[in-house]
file structure07.csv (CSV, C-alpha atoms)
chain,number,residue,atom,x,y,z
A,1,MET,CA,13.8,52.5,12.8
A,2,VAL,CA,17.3,52.0,11.3
A,3,GLY,CA,16.8,48.2,11.7
A,4,VAL,CA,13.6,48.3,9.7
A,5,LYS,CA,15.2,50.4,7.0
A,6,ARG,CA,18.1,48.0,6.6
A,7,TRP,CA,15.5,45.2,6.2
A,8,LEU,CA,13.6,47.2,3.6
A,9,VAL,CA,16.7,47.4,1.4
A,10,TRP,CA,16.0,43.7,0.4
A,11,LEU,CA,12.4,44.4,-0.5
A,12,PRO,CA,12.9,45.3,-4.2
A,13,LEU,CA,15.1,42.2,-4.7
A,14,CYS,CA,12.4,40.0,-3.1
A,15,ALA,CA,9.8,41.6,-5.4
A,16,PHE,CA,12.1,40.9,-8.4
A,17,GLY,CA,12.5,37.3,-7.3
A,18,ILE,CA,8.8,36.8,-7.1
A,19,ILE,CA,8.3,38.1,-10.6
A,20,VAL,CA,11.1,35.8,-11.9
A,21,VAL,CA,9.4,32.8,-10.3
A,22,VAL,CA,6.0,33.8,-11.8
A,23,VAL,CA,7.4,34.3,-15.3
A,24,MET,CA,9.3,30.9,-15.1
A,25,TRP,CA,6.2,29.2,-13.9
A,26,GLY,CA,4.3,30.6,-17.0
A,27,LEU,CA,7.1,29.6,-19.3
A,28,TYR,CA,7.5,26.0,-18.1
A,29,LEU,CA,4.0,25.2,-17.1
A,30,PRO,CA,1.8,27.2,-19.4
A,31,ALA,CA,-1.9,27.3,-18.5
A,32,ASP,CA,-4.2,25.1,-20.4
A,33,ARG,CA,-6.0,27.4,-22.8
A,34,THR,CA,-8.3,24.7,-24.3
A,35,VAL,CA,-11.9,25.7,-24.2
A,36,TYR,CA,-13.8,22.6,-22.8
A,37,SER,CA,-17.5,22.1,-23.2
A,38,ALA,CA,-19.6,22.5,-20.0
A,39,MET,CA,-21.9,19.8,-21.4
A,40,ALA,CA,-19.9,16.8,-20.2
A,41,GLY,CA,-22.1,14.7,-17.9
A,42,LYS,CA,-25.3,16.2,-19.4
A,43,PRO,CA,-27.6,14.7,-22.0
A,44,LEU,CA,-27.2,15.6,-25.7
A,45,PRO,CA,-29.3,18.6,-26.8
A,46,ALA,CA,-32.2,17.7,-29.0
A,47,PHE,CA,-31.3,18.0,-32.7
A,48,ASN,CA,-32.3,16.6,-36.0
A,49,LEU,CA,-29.8,17.1,-38.8
A,50,PRO,CA,-30.4,16.3,-42.5
A,51,PRO,CA,-28.0,13.9,-44.2
A,52,ALA,CA,-24.7,15.5,-45.4
A,53,VAL,CA,-23.9,13.0,-48.1
A,54,ALA,CA,-25.9,10.9,-50.5
A,55,GLY,CA,-26.3,7.3,-49.3
A,56,LYS,CA,-25.7,8.0,-45.6
A,57,PRO,CA,-28.4,8.9,-43.1
A,58,GLY,CA,-28.5,12.2,-41.2
A,59,LEU,CA,-28.2,12.4,-37.4
A,60,SER,CA,-30.5,13.1,-34.5
A,61,ASP,CA,-30.2,12.8,-30.8
A,62,ARG,CA,-32.4,9.7,-30.9
A,63,ASP,CA,-29.6,7.8,-32.6
A,64,PHE,CA,-27.6,8.1,-29.4
A,65,ARG,CA,-30.2,6.5,-27.2
A,66,GLN,CA,-30.1,3.0,-28.6
A,67,GLY,CA,-28.4,1.5,-25.5
A,68,LYS,CA,-24.9,1.3,-26.9
A,69,PRO,CA,-22.2,4.0,-26.5
A,70,ARG,CA,-21.1,5.8,-29.6
A,71,LEU,CA,-18.6,8.5,-30.6
A,72,LEU,CA,-19.9,11.8,-32.0
A,73,ASN,CA,-17.1,13.2,-34.2
A,74,VAL,CA,-17.3,17.0,-35.0
A,75,PHE,CA,-15.4,17.4,-38.3
A,76,ALA,CA,-15.3,19.2,-41.6
A,77,SER,CA,-13.7,18.5,-45.0
A,78,TRP,CA,-11.9,21.9,-44.8
A,79,CYS,CA,-10.3,21.0,-41.5
A,80,ILE,CA,-6.6,20.0,-41.8
A,81,PRO,CA,-6.3,18.2,-38.4
A,82,CYS,CA,-9.3,16.1,-39.3
A,83,ILE,CA,-7.1,14.5,-42.0
A,84,ALA,CA,-4.5,13.7,-39.3
A,85,GLU,CA,-7.1,12.0,-37.0
A,86,ALA,CA,-8.7,10.0,-39.8
A,87,PRO,CA,-6.4,6.9,-39.4
A,88,GLN,CA,-7.2,6.8,-35.6
A,89,LEU,CA,-10.9,6.9,-36.3
A,90,LEU,CA,-10.5,4.0,-38.8
A,91,THR,CA,-8.6,2.1,-36.1
A,92,LEU,CA,-11.5,2.7,-33.6
A,93,LYS,CA,-14.0,1.6,-36.2
A,94,ALA,CA,-12.0,-1.6,-36.9
A,95,ALA,CA,-12.1,-2.2,-33.1
A,96,GLY,CA,-15.9,-2.2,-33.3
A,97,VAL,CA,-16.6,1.4,-32.1
A,98,ALA,CA,-19.7,3.0,-33.6
A,99,ILE,CA,-18.9,6.5,-34.9
A,100,ASP,CA,-21.3,9.2,-36.1
A,101,ALA,CA,-20.3,12.6,-37.3
A,102,VAL,CA,-21.5,16.1,-37.7
A,103,ALA,CA,-20.0,18.1,-40.6
A,104,ILE,CA,-19.6,21.8,-39.9
A,105,ARG,CA,-20.2,24.4,-42.7
A,106,ASP,CA,-19.6,21.8,-45.3
A,107,THR,CA,-20.9,20.6,-48.6
A,108,GLY,CA,-21.8,17.1,-49.8
A,109,PRO,CA,-19.3,16.8,-52.7
A,110,ALA,CA,-16.5,18.1,-50.5
A,111,ILE,CA,-17.3,15.6,-47.8
A,112,THR,CA,-17.5,12.7,-50.3
A,113,ALA,CA,-14.1,13.6,-51.7
A,114,PHE,CA,-12.7,13.9,-48.2
A,115,LEU,CA,-14.0,10.4,-47.2
A,116,ARG,CA,-12.7,8.9,-50.4
A,117,ARG,CA,-9.3,10.3,-49.8
A,118,ASN,CA,-9.0,9.7,-46.0
A,119,GLY,CA,-11.3,6.7,-45.4
A,120,ASP,CA,-14.9,6.6,-44.1
A,121,PRO,CA,-15.4,5.6,-40.4
A,122,TYR,CA,-18.9,7.0,-40.1
A,123,ALA,CA,-22.2,5.3,-39.7
A,124,ARG,CA,-24.2,8.6,-40.1
A,125,ILE,CA,-23.2,12.2,-41.0
A,126,GLY,CA,-25.4,15.1,-40.1
A,127,ASP,CA,-25.2,18.4,-42.0
A,128,ASP,CA,-24.6,21.4,-39.7
A,129,ALA,CA,-24.5,24.3,-42.1
A,130,THR,CA,-24.5,27.1,-39.5
A,131,SER,CA,-22.8,25.4,-36.5
A,132,ARG,CA,-26.1,25.0,-34.8
A,133,LEU,CA,-25.3,21.7,-33.2
A,134,GLN,CA,-21.7,22.6,-32.6
A,135,LEU,CA,-22.8,25.6,-30.5
A,136,ALA,CA,-25.4,23.6,-28.7
A,137,LEU,CA,-22.7,21.0,-27.8
A,138,GLY,CA,-20.3,23.7,-26.4
A,139,SER,CA,-17.8,22.7,-29.0
A,140,SER,CA,-15.3,25.4,-30.0
A,141,GLY,CA,-13.7,24.0,-33.1
A,142,VAL,CA,-13.0,21.1,-35.4
A,143,PRO,CA,-12.1,18.3,-34.8
A,144,GLU,CA,-13.7,17.4,-31.5
A,145,THR,CA,-15.0,14.0,-30.4
A,146,PHE,CA,-17.7,13.3,-27.8
A,147,VAL,CA,-18.1,9.9,-26.1
A,148,VAL,CA,-21.9,9.5,-25.7
A,149,ASP,CA,-23.3,6.6,-23.6
A,150,GLY,CA,-26.3,4.4,-24.6
A,151,GLN,CA,-28.8,6.8,-22.9
A,152,GLY,CA,-27.5,9.9,-24.8
A,153,VAL,CA,-25.5,11.4,-22.0
A,154,ILE,CA,-22.1,13.0,-22.9
A,155,ARG,CA,-19.5,11.1,-21.0
A,156,MET,CA,-16.3,12.7,-22.3
A,157,GLN,CA,-15.1,15.4,-24.7
A,158,HIS,CA,-11.8,15.1,-26.6
A,159,VAL,CA,-10.7,18.4,-28.0
A,160,GLY,CA,-8.5,18.5,-31.1
A,161,ASP,CA,-7.4,15.7,-33.4
A,162,ILE,CA,-7.3,12.1,-32.0
A,163,ARG,CA,-3.6,11.1,-31.8
A,164,ALA,CA,-2.4,7.5,-31.7
A,165,GLU,CA,-1.9,7.8,-28.0
A,166,ASP,CA,-5.5,9.0,-27.4
A,167,VAL,CA,-7.1,5.9,-28.9
A,168,ALA,CA,-6.8,3.8,-25.7
A,169,LYS,CA,-8.2,6.7,-23.6
A,170,LEU,CA,-11.3,6.9,-25.8
A,171,GLN,CA,-11.8,3.1,-25.8
A,172,GLN,CA,-11.6,3.2,-22.0
A,173,ALA,CA,-14.2,5.9,-21.8
A,174,LEU,CA,-16.4,3.9,-24.2
A,175,ALA,CA,-16.0,0.8,-22.0
A,176,GLU,CA,-16.9,2.7,-18.9
A,177,ALA,CA,-19.9,4.2,-20.6
A,178,GLU,CA,-21.0,0.7,-21.6
A,179,ARG,CA,-20.7,-0.6,-18.0
A,180,GLY,CA,-22.5,2.5,-16.8
A,181,GLU,CA,-19.7,3.7,-14.5
B,1,MET,CA,3.5,20.2,-66.1
B,2,THR,CA,0.7,22.7,-66.5
B,3,ARG,CA,-1.8,20.0,-65.6
B,4,ARG,CA,0.1,19.1,-62.4
B,5,VAL,CA,0.1,22.8,-61.3
B,6,LEU,CA,-3.6,23.0,-62.0
B,7,VAL,CA,-4.3,19.8,-60.0
B,8,ALA,CA,-2.1,21.2,-57.1
B,9,LEU,CA,-4.0,24.5,-57.3
B,10,ALA,CA,-7.4,22.7,-57.3
B,11,LEU,CA,-6.3,20.7,-54.2
B,12,VAL,CA,-5.4,24.0,-52.4
B,13,ALA,CA,-8.6,25.7,-53.5
B,14,ALA,CA,-10.9,22.8,-52.7
B,15,PRO,CA,-11.2,23.5,-49.0
B,16,VAL,CA,-12.1,27.1,-49.7
B,17,ALA,CA,-14.8,26.1,-52.2
B,18,ALA,CA,-16.1,23.5,-49.7
B,19,GLN,CA,-17.2,26.2,-47.3
B,20,ARG,CA,-20.8,27.4,-47.2
B,21,PRO,CA,-21.8,31.0,-47.3
B,22,PRO,CA,-22.1,32.5,-43.8
B,23,ALA,CA,-25.3,32.1,-41.8
B,24,ALA,CA,-28.2,34.3,-42.8
B,25,LEU,CA,-27.9,36.7,-39.8
B,26,ALA,CA,-24.2,36.7,-39.4
B,27,TYR,CA,-23.7,39.9,-41.4
B,28,THR,CA,-27.3,41.2,-41.6
B,29,GLN,CA,-28.9,43.3,-39.0
B,30,LEU,CA,-32.3,42.6,-37.5
B,31,ARG,CA,-35.2,44.6,-39.0
B,32,ASN,CA,-36.3,45.8,-35.6
B,33,PRO,CA,-33.8,48.4,-34.5
B,34,ALA,CA,-34.5,48.0,-30.7
B,35,GLN,CA,-33.8,44.2,-31.0
B,36,GLU,CA,-30.7,44.8,-33.2
B,37,ALA,CA,-29.4,47.2,-30.5
B,38,GLU,CA,-29.9,44.6,-27.8
B,39,ALA,CA,-28.3,41.9,-29.9
B,40,ARG,CA,-25.3,44.2,-30.7
B,41,ALA,CA,-24.8,45.1,-27.1
B,42,LEU,CA,-24.8,41.4,-26.2
B,43,MET,CA,-22.4,40.4,-29.0
B,44,GLU,CA,-19.9,42.9,-27.8
B,45,THR,CA,-19.7,41.1,-24.4
B,46,LEU,CA,-19.4,37.5,-25.8
B,47,ARG,CA,-16.0,36.0,-26.5
B,48,CYS,CA,-15.2,34.6,-29.9
B,49,LEU,CA,-14.0,31.0,-29.1
B,50,VAL,CA,-11.5,30.6,-32.0
B,51,CYS,CA,-10.0,34.2,-31.7
B,52,GLN,CA,-10.0,34.5,-28.0
B,53,GLY,CA,-9.1,38.2,-27.5
B,54,GLN,CA,-12.0,39.4,-29.7
B,55,SER,CA,-15.7,39.7,-29.1
B,56,ILE,CA,-18.0,38.0,-31.6
B,57,ALA,CA,-19.0,41.5,-32.8
B,58,ASP,CA,-15.4,42.3,-33.7
B,59,SER,CA,-14.4,39.0,-35.3
B,60,ASP,CA,-14.6,37.8,-38.9
B,61,ALA,CA,-14.1,34.2,-38.0
B,62,ASP,CA,-16.7,31.8,-39.4
B,63,MET,CA,-17.7,30.6,-36.0
B,64,ALA,CA,-18.1,34.1,-34.7
B,65,GLY,CA,-20.5,34.7,-37.6
B,66,ASP,CA,-22.5,31.6,-36.6
B,67,MET,CA,-22.6,32.9,-33.0
B,68,ARG,CA,-23.8,36.3,-34.2
B,69,ALA,CA,-26.5,34.6,-36.2
B,70,LEU,CA,-27.5,32.5,-33.1
B,71,VAL,CA,-27.7,35.6,-30.9
B,72,ARG,CA,-29.8,37.6,-33.5
B,73,GLN,CA,-32.2,34.6,-34.1
B,74,ARG,CA,-32.8,34.2,-30.3
B,75,ILE,CA,-33.3,37.9,-29.7
B,76,ALA,CA,-35.6,38.1,-32.7
B,77,GLY,CA,-37.4,35.0,-31.3
B,78,GLY,CA,-38.2,37.1,-28.1
B,79,GLU,CA,-35.5,36.0,-25.7
B,80,ARG,CA,-33.9,38.4,-23.4
B,81,PRO,CA,-30.1,39.0,-23.9
B,82,GLU,CA,-29.4,37.6,-20.4
B,83,GLN,CA,-31.2,34.4,-21.3
B,84,VAL,CA,-29.0,34.0,-24.4
B,85,ARG,CA,-25.9,34.7,-22.4
B,86,GLN,CA,-27.0,32.0,-19.8
B,87,TRP,CA,-27.6,29.5,-22.7
B,88,LEU,CA,-24.1,30.0,-23.9
B,89,ILE,CA,-22.6,29.9,-20.4
B,90,ALA,CA,-24.3,26.5,-19.8
B,91,ARG,CA,-22.4,25.2,-22.9
B,92,TYR,CA,-19.0,27.0,-22.7
B,93,GLY,CA,-18.7,28.0,-19.1
B,94,ASP,CA,-18.1,31.6,-17.8
B,95,TYR,CA,-15.2,31.8,-20.3
B,96,VAL,CA,-17.6,32.8,-23.1
B,97,THR,CA,-18.7,36.0,-21.5
B,98,PHE,CA,-16.3,39.0,-21.1
B,99,ASP,CA,-18.0,40.1,-17.8
B,100,PRO,CA,-17.1,37.3,-15.4
B,101,PRO,CA,-19.4,36.8,-12.4
B,102,VAL,CA,-17.9,36.8,-9.0
B,103,GLY,CA,-17.0,33.2,-8.1
B,104,GLY,CA,-14.4,30.9,-6.7
B,105,THR,CA,-11.6,31.8,-9.1
B,106,THR,CA,-12.6,35.4,-10.0
B,107,TRP,CA,-13.0,37.0,-6.6
B,108,PRO,CA,-9.4,38.3,-6.5
B,109,LEU,CA,-10.1,40.1,-9.7
B,110,TRP,CA,-12.8,42.1,-8.1
B,111,LEU,CA,-11.2,42.4,-4.6
B,112,ALA,CA,-7.7,43.4,-5.8
B,113,PRO,CA,-8.5,47.0,-6.8
B,114,ILE,CA,-10.3,47.7,-3.5
B,115,VAL,CA,-7.3,46.2,-1.5
B,116,LEU,CA,-4.8,48.2,-3.6
B,117,LEU,CA,-6.8,51.4,-3.0
B,118,GLY,CA,-6.8,50.7,0.7
B,119,VAL,CA,-3.0,50.2,0.7
B,120,GLY,CA,-2.6,53.4,-1.2
B,121,VAL,CA,-4.7,55.4,1.3
B,122,LEU,CA,-2.7,53.9,4.2
B,123,ILE,CA,0.7,54.8,2.6
B,124,ALA,CA,-0.5,58.3,1.9
B,125,ARG,CA,-1.7,58.8,5.5
B,126,ILE,CA,1.6,57.6,6.9
B,127,SER,CA,3.6,59.8,4.6
B,128,PHE,CA,1.6,62.9,5.4
B,129,ARG,CA,1.8,62.3,9.1
B,130,ARG,CA,5.6,62.3,9.0
B,131,ARG,CA,5.8,65.8,7.6
call {"tool": "encode", "arguments": {"input": "structure07.csv", "output": "C-alpha cells"}}
result
Amino acid sequence: MVGVKRWLVWLPLCAFGIIVVVVMWGLYLPADRTVYSAMAGKPLPAFNLPPAVAGKPGLSDRDFRQGKPRLLNVFASWCIPCIAEAPQLLTLKAAGVAIDAVAIRDTGPAITAFLRRNGDPYARIGDDATSRLQLALGSSGVPETFVVDGQGVIRMQHVGDIRAEDVAKLQQALAEAERGE
Amino acid sequence: MTRRVLVALALVAAPVAAQRPPAALAYTQLRNPAQEAEARALMETLRCLVCQGQSIADSDADMAGDMRALVRQRIAGGERPEQVRQWLIARYGDYVTFDPPVGGTTWPLWLAPIVLLGVGVLIARISFRRR
C-alpha cells in the first residue's frame, strides 16, 4: 500500500505533463479549420444563372460538360482576397485555362468596375444574388475555385485566394482531369 | 484635396454599395406559423459557416441570411426539416450541423461522459468501503 502511494505522488505531475504536451501540440500544429466542400468527386449540381454583366453570357452546369476541364471561380467584387488572386487567374488564363465565374451577392456595375481594375480572366459570369449556387456547391466563402472536368464532375476545390504557389497545383489538377485520372 | 478625399471615400464605400439586399426570406418569417416554427428549430441547429460559433438563426452574416432563406424556402416547399439538414450535410459534411451523428471521429464525444460516470461510481464505491 505504501509503495502504491509513493507512486501516486507522481500522478499530478504526469497529468500536468500531458496537458503541456496537448497545449504545445495545439500551438505548433493548429488544426485545419478550413471548411471543405463535400462535393469533390461529385457532379456539379444543376443550375442556370443569368448573366452578371452586360456582354458576357451567364452560366449553367451544361457549360461544364463540353469535354474540356474548366475552372469555376466563386468571387465577388466586394471581396478583398479576390483582388489578391486576380493576377494568378490572369496567369492561368494566359496559360490557356478556361475560367468561368459565379458572382456572389453582387451587382453588374460593381463587377464591371472590378474587372476593369483587376483584369478579366472570365469567359462567363453567372449572377448568384442569394448564394443559391454557392450553397449548392458546398462553398463557404469567397474566393473559392473548383476544378471541373469535361464531364461536369468536381475534381478539386481550392479554398481561399489563389497564391502564386497554388498555380502549379491547379494546373496539375486540370491536366489530370483532362487525362481522366 | 477635397476631391481626392471624395474619391478615396467613394472607393471605400463602393464595396458596400455593391452588395445586394438580403434574400427575401432571410429576415422574414413564413406565413404558416407551423412551418416557421419548424424552420426556426432547424436553423438553431445549423452552423453558420463564416461565423463558426453561431447558428444561422443567431448570425447577421450575409451568408447566414442566405442559408435562412434557403431553409425557409425548402420548408415552405414541403420538405421535412431532416431532408433539408441532409441536403446541407451532403454539401458541407457533418460540420454544418451542431448535433453530430455518432461516427468514426465523434464516438469519444458520446462515450466519454458514460466512461467518466463509471469511473466516478467506482471511486465512490472504493472510498465508501474504506470507511
call {"tool": "atom_distance", "arguments": {"input": "structure07.csv", "atom1": "CA of Asp94 (chain B)", "atom2": "CA of Ala57 (chain B)"}}
result
18.0 Å
call {"tool": "closest_atom_pairs", "arguments": {"input": "structure07.csv", "of": "chain A", "to": "chain B", "cutoff": "12 Å", "atoms": "all atoms listed in the file", "output": "JSON lines"}}
result
{"residue": "A:Arg33", "atom": "CA", "partner": "B:Gln52", "partner_atom": "CA", "distance": 9.7}
{"residue": "A:Thr34", "atom": "CA", "partner": "B:Leu49", "partner_atom": "CA", "distance": 9.8}
{"residue": "A:Val35", "atom": "CA", "partner": "B:Tyr92", "partner_atom": "CA", "distance": 7.4}
{"residue": "A:Tyr36", "atom": "CA", "partner": "B:Tyr92", "partner_atom": "CA", "distance": 6.8}
{"residue": "A:Ser37", "atom": "CA", "partner": "B:Tyr92", "partner_atom": "CA", "distance": 5.1}
{"residue": "A:Ala38", "atom": "CA", "partner": "B:Arg91", "partner_atom": "CA", "distance": 4.9}
{"residue": "A:Met39", "atom": "CA", "partner": "B:Arg91", "partner_atom": "CA", "distance": 5.6}
{"residue": "A:Ala40", "atom": "CA", "partner": "B:Arg91", "partner_atom": "CA", "distance": 9.2}
{"residue": "A:Gly41", "atom": "CA", "partner": "B:Arg91", "partner_atom": "CA", "distance": 11.6}
{"residue": "A:Lys42", "atom": "CA", "partner": "B:Arg91", "partner_atom": "CA", "distance": 10.1}
{"residue": "A:Pro43", "atom": "CA", "partner": "B:Arg91", "partner_atom": "CA", "distance": 11.8}
{"residue": "A:Leu44", "atom": "CA", "partner": "B:Arg91", "partner_atom": "CA", "distance": 11.1}
{"residue": "A:Pro45", "atom": "CA", "partner": "B:Arg91", "partner_atom": "CA", "distance": 10.3}
{"residue": "A:Ala76", "atom": "CA", "partner": "B:Ala18", "partner_atom": "CA", "distance": 9.2}
{"residue": "A:Ser77", "atom": "CA", "partner": "B:Pro15", "partner_atom": "CA", "distance": 6.9}
{"residue": "A:Trp78", "atom": "CA", "partner": "B:Pro15", "partner_atom": "CA", "distance": 4.5}
{"residue": "A:Cys79", "atom": "CA", "partner": "B:Pro15", "partner_atom": "CA", "distance": 8.0}
{"residue": "A:Ile80", "atom": "CA", "partner": "B:Pro15", "partner_atom": "CA", "distance": 9.2}
{"residue": "A:Ala103", "atom": "CA", "partner": "B:Gln19", "partner_atom": "CA", "distance": 10.9}
{"residue": "A:Ile104", "atom": "CA", "partner": "B:Gln19", "partner_atom": "CA", "distance": 8.9}
{"residue": "A:Arg105", "atom": "CA", "partner": "B:Arg20", "partner_atom": "CA", "distance": 5.4}
{"residue": "A:Asp106", "atom": "CA", "partner": "B:Gln19", "partner_atom": "CA", "distance": 5.4}
{"residue": "A:Thr107", "atom": "CA", "partner": "B:Ala18", "partner_atom": "CA", "distance": 5.7}
{"residue": "A:Gly108", "atom": "CA", "partner": "B:Ala18", "partner_atom": "CA", "distance": 8.6}
{"residue": "A:Pro109", "atom": "CA", "partner": "B:Ala18", "partner_atom": "CA", "distance": 8.0}
{"residue": "A:Ala110", "atom": "CA", "partner": "B:Ala18", "partner_atom": "CA", "distance": 5.5}
{"residue": "A:Ile111", "atom": "CA", "partner": "B:Ala18", "partner_atom": "CA", "distance": 8.2}
{"residue": "A:Thr112", "atom": "CA", "partner": "B:Ala18", "partner_atom": "CA", "distance": 10.9}
{"residue": "A:Ala113", "atom": "CA", "partner": "B:Ala14", "partner_atom": "CA", "distance": 9.8}
{"residue": "A:Phe114", "atom": "CA", "partner": "B:Pro15", "partner_atom": "CA", "distance": 9.7}
{"residue": "A:Arg117", "atom": "CA", "partner": "B:Leu11", "partner_atom": "CA", "distance": 11.7}
{"residue": "A:Asp127", "atom": "CA", "partner": "B:Arg20", "partner_atom": "CA", "distance": 11.3}
{"residue": "A:Asp128", "atom": "CA", "partner": "B:Arg20", "partner_atom": "CA", "distance": 10.3}
{"residue": "A:Ala129", "atom": "CA", "partner": "B:Arg20", "partner_atom": "CA", "distance": 7.0}
{"residue": "A:Thr130", "atom": "CA", "partner": "B:Ala23", "partner_atom": "CA", "distance": 5.6}
{"residue": "A:Ser131", "atom": "CA", "partner": "B:Asp66", "partner_atom": "CA", "distance": 6.2}
{"residue": "A:Arg132", "atom": "CA", "partner": "B:Asp66", "partner_atom": "CA", "distance": 7.7}
{"residue": "A:Leu133", "atom": "CA", "partner": "B:Asp66", "partner_atom": "CA", "distance": 10.8}
{"residue": "A:Gln134", "atom": "CA", "partner": "B:Met63", "partner_atom": "CA", "distance": 9.6}
{"residue": "A:Leu135", "atom": "CA", "partner": "B:Arg91", "partner_atom": "CA", "distance": 7.6}
{"residue": "A:Ala136", "atom": "CA", "partner": "B:Arg91", "partner_atom": "CA", "distance": 6.7}
{"residue": "A:Leu137", "atom": "CA", "partner": "B:Arg91", "partner_atom": "CA", "distance": 6.5}
{"residue": "A:Gly138", "atom": "CA", "partner": "B:Arg91", "partner_atom": "CA", "distance": 4.3}
{"residue": "A:Ser139", "atom": "CA", "partner": "B:Tyr92", "partner_atom": "CA", "distance": 7.7}
{"residue": "A:Ser140", "atom": "CA", "partner": "B:Leu49", "partner_atom": "CA", "distance": 5.8}
{"residue": "A:Gly141", "atom": "CA", "partner": "B:Val50", "partner_atom": "CA", "distance": 7.0}
{"residue": "A:Val142", "atom": "CA", "partner": "B:Val50", "partner_atom": "CA", "distance": 10.2}
call {"tool": "atom_distance", "arguments": {"input": "structure07.csv", "atom1": "CA of Gly78 (chain B)", "atom2": "CA of Leu42 (chain B)"}}
result
14.2 Å
call {"tool": "atom_distance", "arguments": {"input": "structure07.csv", "atom1": "CA of Phe75 (chain A)", "atom2": "CA of Pro57 (chain A)"}}
result
16.3 Å
call {"tool": "residues_near_point", "arguments": {"input": "structure07.csv", "point": "(-5.6, 14.7, -37.8)", "cutoff": "9 Å", "atoms": "only C-alpha atoms", "output": "list in words"}}
result
Cys79, Ile80, Pro81, Cys82, Ile83, Ala84, Glu85, Ala86, Pro87, Gln88, Pro143, Gly160, Asp161, Ile162 and Arg163 of chain A
call {"tool": "residues_near_point", "arguments": {"input": "structure07.csv", "point": "(-7.9, 9.0, -24.6)", "cutoff": "12 Å", "atoms": "all atoms listed in the file", "output": "PyMOL selection string"}}
result
chain A and resi 88+92+145-147+156-175
call {"tool": "closest_residue", "arguments": {"input": "structure07.csv", "among": "B:Val102, B:Ile123, B:Arg129, B:Thr97", "to": "Glu82 (chain B)", "atoms": "only C-alpha atoms"}}
result
B:Thr97
